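Novice: My structure is in query.cif, and what it holds is mmCIF, C-alpha atoms and all ligand atoms:
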data_work
loop_
_atom_site.label_atom_id
_atom_site.label_comp_id
_atom_site.auth_asym_id
_atom_site.auth_seq_id
_atom_site.Cartn_x
_atom_site.Cartn_y
_atom_site.Cartn_z
CA MET A 1326 84.46 75.07 95.95
CA ILE A 1327 82.91 77.75 98.15
CA GLN A 1328 83.93 77.73 101.80
CA LEU A 1329 81.09 79.34 103.75
CA TYR A 1330 81.70 80.85 107.19
CA THR A 1331 78.34 81.29 108.83
CA TRP A 1332 76.03 81.01 111.80
CA GLY A 1333 72.25 80.57 112.13
CA THR A 1334 71.27 84.23 111.72
CA PRO A 1335 69.47 86.20 108.96
CA ASN A 1336 72.68 87.44 107.33
CA GLY A 1337 74.23 83.97 107.38
CA LYS A 1338 71.16 82.19 106.03
CA LYS A 1339 70.94 84.51 103.03
CA VAL A 1340 74.12 82.97 101.67
CA SER A 1341 73.24 79.33 102.35
CA ILE A 1342 69.84 79.86 100.67
CA MET A 1343 71.59 81.39 97.66
CA LEU A 1344 74.09 78.53 97.41
CA GLU A 1345 71.22 76.06 97.56
CA GLU A 1346 69.27 78.00 94.92
CA ILE A 1347 72.13 78.03 92.43
CA GLY A 1348 73.25 74.49 93.26
CA MET A 1349 76.87 75.50 93.82
CA PRO A 1350 78.87 73.06 95.99
CA TYR A 1351 79.98 74.48 99.35
CA GLU A 1352 81.47 73.52 102.67
CA VAL A 1353 80.14 75.01 105.88
CA HIS A 1354 82.35 76.35 108.67
CA ALA A 1355 80.26 77.24 111.72
CA VAL A 1356 81.44 80.44 113.40
CA ASN A 1357 79.75 80.49 116.79
CA ILE A 1358 79.21 84.22 117.31
CA GLY A 1359 77.67 83.54 120.73
CA GLN A 1360 81.01 82.14 121.88
CA GLY A 1361 83.15 84.80 120.22
CA ASP A 1362 84.56 82.73 117.32
CA GLN A 1363 84.26 85.84 115.11
CA PHE A 1364 87.06 87.52 117.10
CA LYS A 1365 89.60 84.71 116.67
CA PRO A 1366 92.66 85.76 114.64
CA GLU A 1367 92.08 83.02 112.06
CA TYR A 1368 88.57 84.36 111.39
CA LEU A 1369 89.66 88.02 111.41
CA ALA A 1370 92.06 87.10 108.60
CA ILE A 1371 88.94 86.22 106.56
CA ASN A 1372 86.64 89.01 107.78
CA PRO A 1373 88.39 91.92 109.53
CA ASN A 1374 84.91 93.21 110.47
CA ASN A 1375 84.39 90.23 112.85
CA LYS A 1376 80.96 89.28 111.56
CA ILE A 1377 79.42 86.44 109.63
CA PRO A 1378 78.95 85.62 106.80
CA ALA A 1379 82.11 85.36 104.74
CA ILE A 1380 83.18 83.10 101.91
CA ILE A 1381 86.38 81.89 100.34
CA ASP A 1382 85.96 80.84 96.74
CA THR A 1383 88.90 78.49 96.27
CA ASP A 1384 88.38 78.80 92.51
CA GLY A 1385 87.90 82.56 92.36
CA PRO A 1386 88.56 84.98 89.50
CA GLY A 1387 91.70 84.04 87.57
CA GLY A 1388 91.57 80.59 89.17
CA LYS A 1389 92.88 82.04 92.42
CA PRO A 1390 91.24 81.96 95.88
CA PHE A 1391 88.95 84.93 96.58
CA THR A 1392 87.79 85.98 100.04
CA LEU A 1393 84.65 88.08 100.47
CA PHE A 1394 82.58 89.43 103.37
CA GLU A 1395 79.33 91.48 103.56
CA SER A 1396 76.31 89.35 102.71
CA GLY A 1397 75.06 91.68 99.95
CA ALA A 1398 78.41 91.57 98.15
CA ILE A 1399 78.52 87.78 98.53
CA LEU A 1400 75.03 87.40 97.03
CA MET A 1401 75.99 89.59 94.07
CA TYR A 1402 79.23 87.66 93.54
CA LEU A 1403 77.49 84.27 93.62
CA ALA A 1404 74.76 85.54 91.29
CA GLU A 1405 77.31 86.86 88.82
CA LYS A 1406 79.55 83.79 89.06
CA SER A 1407 76.65 81.40 88.48
CA GLY A 1408 74.70 83.61 86.08
CA LYS A 1409 71.60 82.77 88.12
CA LEU A 1410 69.16 85.18 89.79
CA TRP A 1411 71.16 87.91 88.04
CA PRO A 1412 69.31 89.58 85.14
CA ALA A 1413 71.32 90.30 81.97
CA ASP A 1414 69.26 93.44 81.34
CA LEU A 1415 70.85 96.51 82.99
CA ARG A 1416 67.54 98.03 84.12
CA GLN A 1417 66.37 94.76 85.68
CA ARG A 1418 69.76 94.08 87.26
CA TYR A 1419 69.85 97.50 88.93
CA THR A 1420 66.28 97.05 90.15
CA VAL A 1421 67.53 93.90 91.91
CA ILE A 1422 70.52 95.81 93.31
CA GLN A 1423 68.23 98.64 94.44
CA TRP A 1424 66.09 96.25 96.53
CA LEU A 1425 69.18 94.48 97.82
CA MET A 1426 70.56 97.83 99.04
CA PHE A 1427 67.16 98.64 100.59
CA GLN A 1428 67.53 95.44 102.60
CA MET A 1429 71.19 95.99 103.48
CA GLY A 1430 70.80 99.65 104.48
CA GLY A 1431 67.28 99.61 105.94
CA ILE A 1432 65.64 96.31 106.75
CA GLY A 1433 68.68 94.54 108.19
CA PRO A 1434 69.90 97.29 110.52
CA MET A 1435 66.42 98.45 111.62
CA PHE A 1436 64.87 95.03 112.21
CA GLY A 1437 68.11 93.96 113.90
CA GLN A 1438 68.07 96.93 116.29
CA ALA A 1439 64.35 96.49 117.03
CA ASN A 1440 64.94 92.81 117.87
CA TYR A 1441 67.92 93.67 120.06
CA PHE A 1442 66.11 96.32 122.11
CA TYR A 1443 62.96 94.19 122.50
CA ARG A 1444 65.16 91.39 123.91
CA GLN A 1445 66.73 93.56 126.63
CA GLU A 1446 65.52 92.85 130.15
CA GLU A 1447 65.52 96.55 130.98
CA LYS A 1448 63.31 98.03 128.26
CA ASN A 1449 63.92 101.51 126.89
CA PRO A 1450 60.52 102.55 125.45
CA ALA A 1451 61.85 105.53 123.47
CA VAL A 1452 64.48 103.42 121.71
CA ILE A 1453 62.04 100.57 121.05
CA GLU A 1454 59.54 103.05 119.65
CA ARG A 1455 62.12 104.52 117.30
CA PHE A 1456 63.15 101.19 115.78
CA ARG A 1457 59.64 99.68 115.81
CA LYS A 1458 58.25 102.72 114.00
CA GLU A 1459 60.94 102.49 111.36
CA ALA A 1460 60.47 98.71 111.02
CA LEU A 1461 56.73 99.23 110.51
CA ARG A 1462 57.41 101.91 107.92
CA LEU A 1463 59.67 99.48 106.04
CA TYR A 1464 57.00 96.76 106.19
CA GLY A 1465 54.64 99.36 104.72
CA VAL A 1466 57.00 99.91 101.77
CA LEU A 1467 57.27 96.15 101.19
CA GLU A 1468 53.50 95.78 101.47
CA LYS A 1469 52.80 98.43 98.85
CA GLU A 1470 55.43 97.15 96.41
CA LEU A 1471 54.53 93.48 96.80
CA GLY A 1472 50.93 94.46 96.12
CA GLN A 1473 52.06 95.40 92.61
CA ARG A 1474 54.49 92.56 91.84
CA GLU A 1475 55.04 88.95 92.77
CA TYR A 1476 58.63 89.53 93.90
CA LEU A 1477 60.53 92.65 94.95
CA ALA A 1478 62.28 93.24 91.63
CA GLY A 1479 59.69 91.51 89.43
CA GLU A 1480 61.37 88.11 89.02
CA TYR A 1481 62.58 86.08 92.04
CA SER A 1482 66.04 87.45 92.92
CA ILE A 1483 68.79 87.82 95.51
CA ALA A 1484 66.84 90.82 96.89
CA ASP A 1485 64.00 88.47 97.89
CA ILE A 1486 66.43 86.04 99.52
CA ALA A 1487 68.12 88.83 101.49
CA THR A 1488 64.82 90.30 102.69
CA TYR A 1489 63.20 86.94 103.47
CA THR A 1490 65.58 85.95 106.26
CA TRP A 1491 64.95 89.25 108.05
CA VAL A 1492 61.16 89.15 107.65
CA GLY A 1493 61.52 85.64 109.10
CA ARG A 1494 62.41 87.32 112.39
CA HIS A 1495 59.11 89.29 112.51
CA GLU A 1496 58.17 87.91 115.91
CA GLY A 1497 61.38 89.35 117.34
CA HIS A 1498 60.32 92.86 116.37
CA HIS A 1499 56.67 92.19 117.36
CA VAL A 1500 55.15 92.43 113.90
CA LYS A 1501 52.16 90.33 112.87
CA LEU A 1502 52.53 89.34 109.21
CA GLU A 1503 48.71 89.05 108.93
CA GLU A 1504 48.66 92.86 109.07
CA PHE A 1505 50.75 92.93 105.86
CA PRO A 1506 48.92 90.46 103.58
CA ASN A 1507 51.07 91.04 100.49
CA VAL A 1508 54.25 90.54 102.51
CA LYS A 1509 52.73 87.39 104.03
CA ARG A 1510 51.80 85.99 100.60
CA TRP A 1511 55.35 86.61 99.37
CA PHE A 1512 56.91 85.25 102.59
CA ASP A 1513 54.81 82.05 102.48
CA LYS A 1514 55.70 81.51 98.84
CA LEU A 1515 59.44 81.72 99.56
CA THR A 1516 59.07 79.45 102.60
CA GLU A 1517 57.78 76.73 100.25
CA ARG A 1518 60.88 76.78 98.04
CA PRO A 1519 62.97 73.62 98.65
CA ALA A 1520 66.26 75.59 98.41
CA VAL A 1521 65.00 78.10 100.98
CA LYS A 1522 64.06 75.26 103.34
CA ARG A 1523 67.52 73.67 102.97
CA GLY A 1524 69.39 76.97 103.28
CA MET A 1525 67.50 77.89 106.45
CA GLU A 1526 68.87 74.73 108.14
CA ILE A 1527 72.52 75.83 107.77
CA PRO A 1528 74.65 75.48 109.79
CA LYS A 1529 73.33 72.11 110.85
CA LYS A 1530 73.43 71.44 114.59
N1 LIG B 1 76.42 94.03 107.00
C1 LIG B 1 76.89 92.74 107.43
C2 LIG B 1 76.29 92.45 108.80
C3 LIG B 1 76.74 91.12 109.31
C4 LIG B 1 76.26 90.90 110.74
O1 LIG B 1 75.77 91.82 111.43
N2 LIG B 1 76.43 89.67 111.21
C5 LIG B 1 76.07 89.34 112.57
C6 LIG B 1 75.14 88.12 112.58
S1 LIG B 1 73.67 88.40 111.63
C7 LIG B 1 77.33 89.01 113.35
O2 LIG B 1 78.19 88.33 112.85
N3 LIG B 1 77.44 89.49 114.60
C8 LIG B 1 78.56 89.20 115.43
C9 LIG B 1 79.17 90.43 116.07
O3 LIG B 1 78.67 91.55 115.78
O4 LIG B 1 80.10 90.28 116.84
C10 LIG B 1 76.45 91.68 106.41
O5 LIG B 1 75.35 91.83 105.85
O6 LIG B 1 77.22 90.74 106.16
#
Once you've parsed the file, please lay out its structure as C-alpha cells.
Ligand SMILES: N[C@@H](CCC(=O)N[C@@H](CS)C(=O)NCC(=O)O)C(=O)O
Specialist:
Amino acid sequence: MIQLYTWGTPNGKKVSIMLEEIGMPYEVHAVNIGQGDQFKPEYLAINPNNKIPAIIDTDGPGGKPFTLFESGAILMYLAEKSGKLWPADLRQRYTVIQWLMFQMGGIGPMFGQANYFYRQEEKNPAVIERFRKEALRLYGVLEKELGQREYLAGEYSIADIATYTWVGRHEGHHVKLEEFPNVKRWFDKLTERPAVKRGMEIPKK
C-alpha cells in the first residue's frame, strides 16, 4: 500500500492524479503546510527537505518499505512499479523524462515564483516581470509543442500529469489560457479525465 503525504497544491496533486490513473491503492496523510506540519520531526523523518509530496511504499523493492520524496521521482517510481504511463521503448521513455524534467526544472519553479510575487501585498514590478516573462516563454514552448502532438511526449504520460497541475494555476500567474489555444485544448482534455478529477480532490477536506 502507498502512504501518500500531501497537501492541496500542484506538486501534491500530481501524485494523487497518478495514483488514480494507475489504480494503485493508497492512503492519504494530509500535511498542512500552512500550519507548518512539514517541519514536524515525524515528517522530516520522511522528507528531510520539509516539503510535500512524499510517499512510503510499504511493499517497496525487495518487499521492504521504501520512502521517496520529490514529485518527479515519485511519478517515475509509480510509473515503473505499475508499468503504466511508462513506455517500454527507450526513446519514448526518455522523451517522457525530458518533458518531466522540463516541468520540474522550469514550469514548477517559474510559475510558483510568479504566483508568489503576484500574491504579495507590496508588489515588486521588476521581480514580477522577470518571472512573468519566463512563465510566458514556457507557455510559448508548450503551445508550439502541443500544436504538433496531442500530448507532451506523444502518448499521455506522467509529464502531462506533472505539467497539468501547474497550468491549472494559470490565474495565479495572470495568464489567459485562451491566448494559448493548443495548451487550452490539452488542458481541457486532461480536465475531463475521471482520474484527474478524482486526484485533484485530494486531500479531501
Ligand atoms: N521539487 C519539489 C517541490 C515540492 C514543493 O515545493 N512543495 C511545496 C508545496 S507545492 C511545499 O511543500 N512547500 C512547503 C514549504 O516550502 O515549506 C517536488 O516537486 O516535490
Novice: Which is closest to ligand LIG 1 (chain B) among A:Leu1415, A:Met1435, A:Ala1370, A:Ile1347, if we use all atoms listed in the file?
Specialist: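 Under the stated criterion, the closest residue is A:Met1435.
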Novice: Just want the residues within 7 Å of ligand LIG 1 (chain B), written as a PyMOL selection string, counting all atoms listed in the file.
Specialist: chain A and resi 1334-1337+1358+1363+1375-1378+1394-1397+1429
Novice: What is the atom CA of Ala1439 of chain A-atom CA of Glu1517 of chain A distance in Å, reported with one decimal?
Specialist: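 These two atoms are separated by 26.7 Å.
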Novice: Need the shell around Arg1455 of chain A: protein/DNA/RNA residues with any atom at most 10 Å away, counting all atoms listed in the file. Skip same-chain ones fewer than 4 positions apart. Format as a ChimeraX atom specification?
Specialist: /A:1435,1438-1439,1450-1451,1459-1460
Novice: Between atom CA of Val1492 of chain A and atom CA of Phe1442 of chain A, what distance in Å does the model show, to one decimal?
Specialist: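 Atom CA of Phe1442 of chain A lies 16.9 Å from atom CA of Val1492 of chain A.
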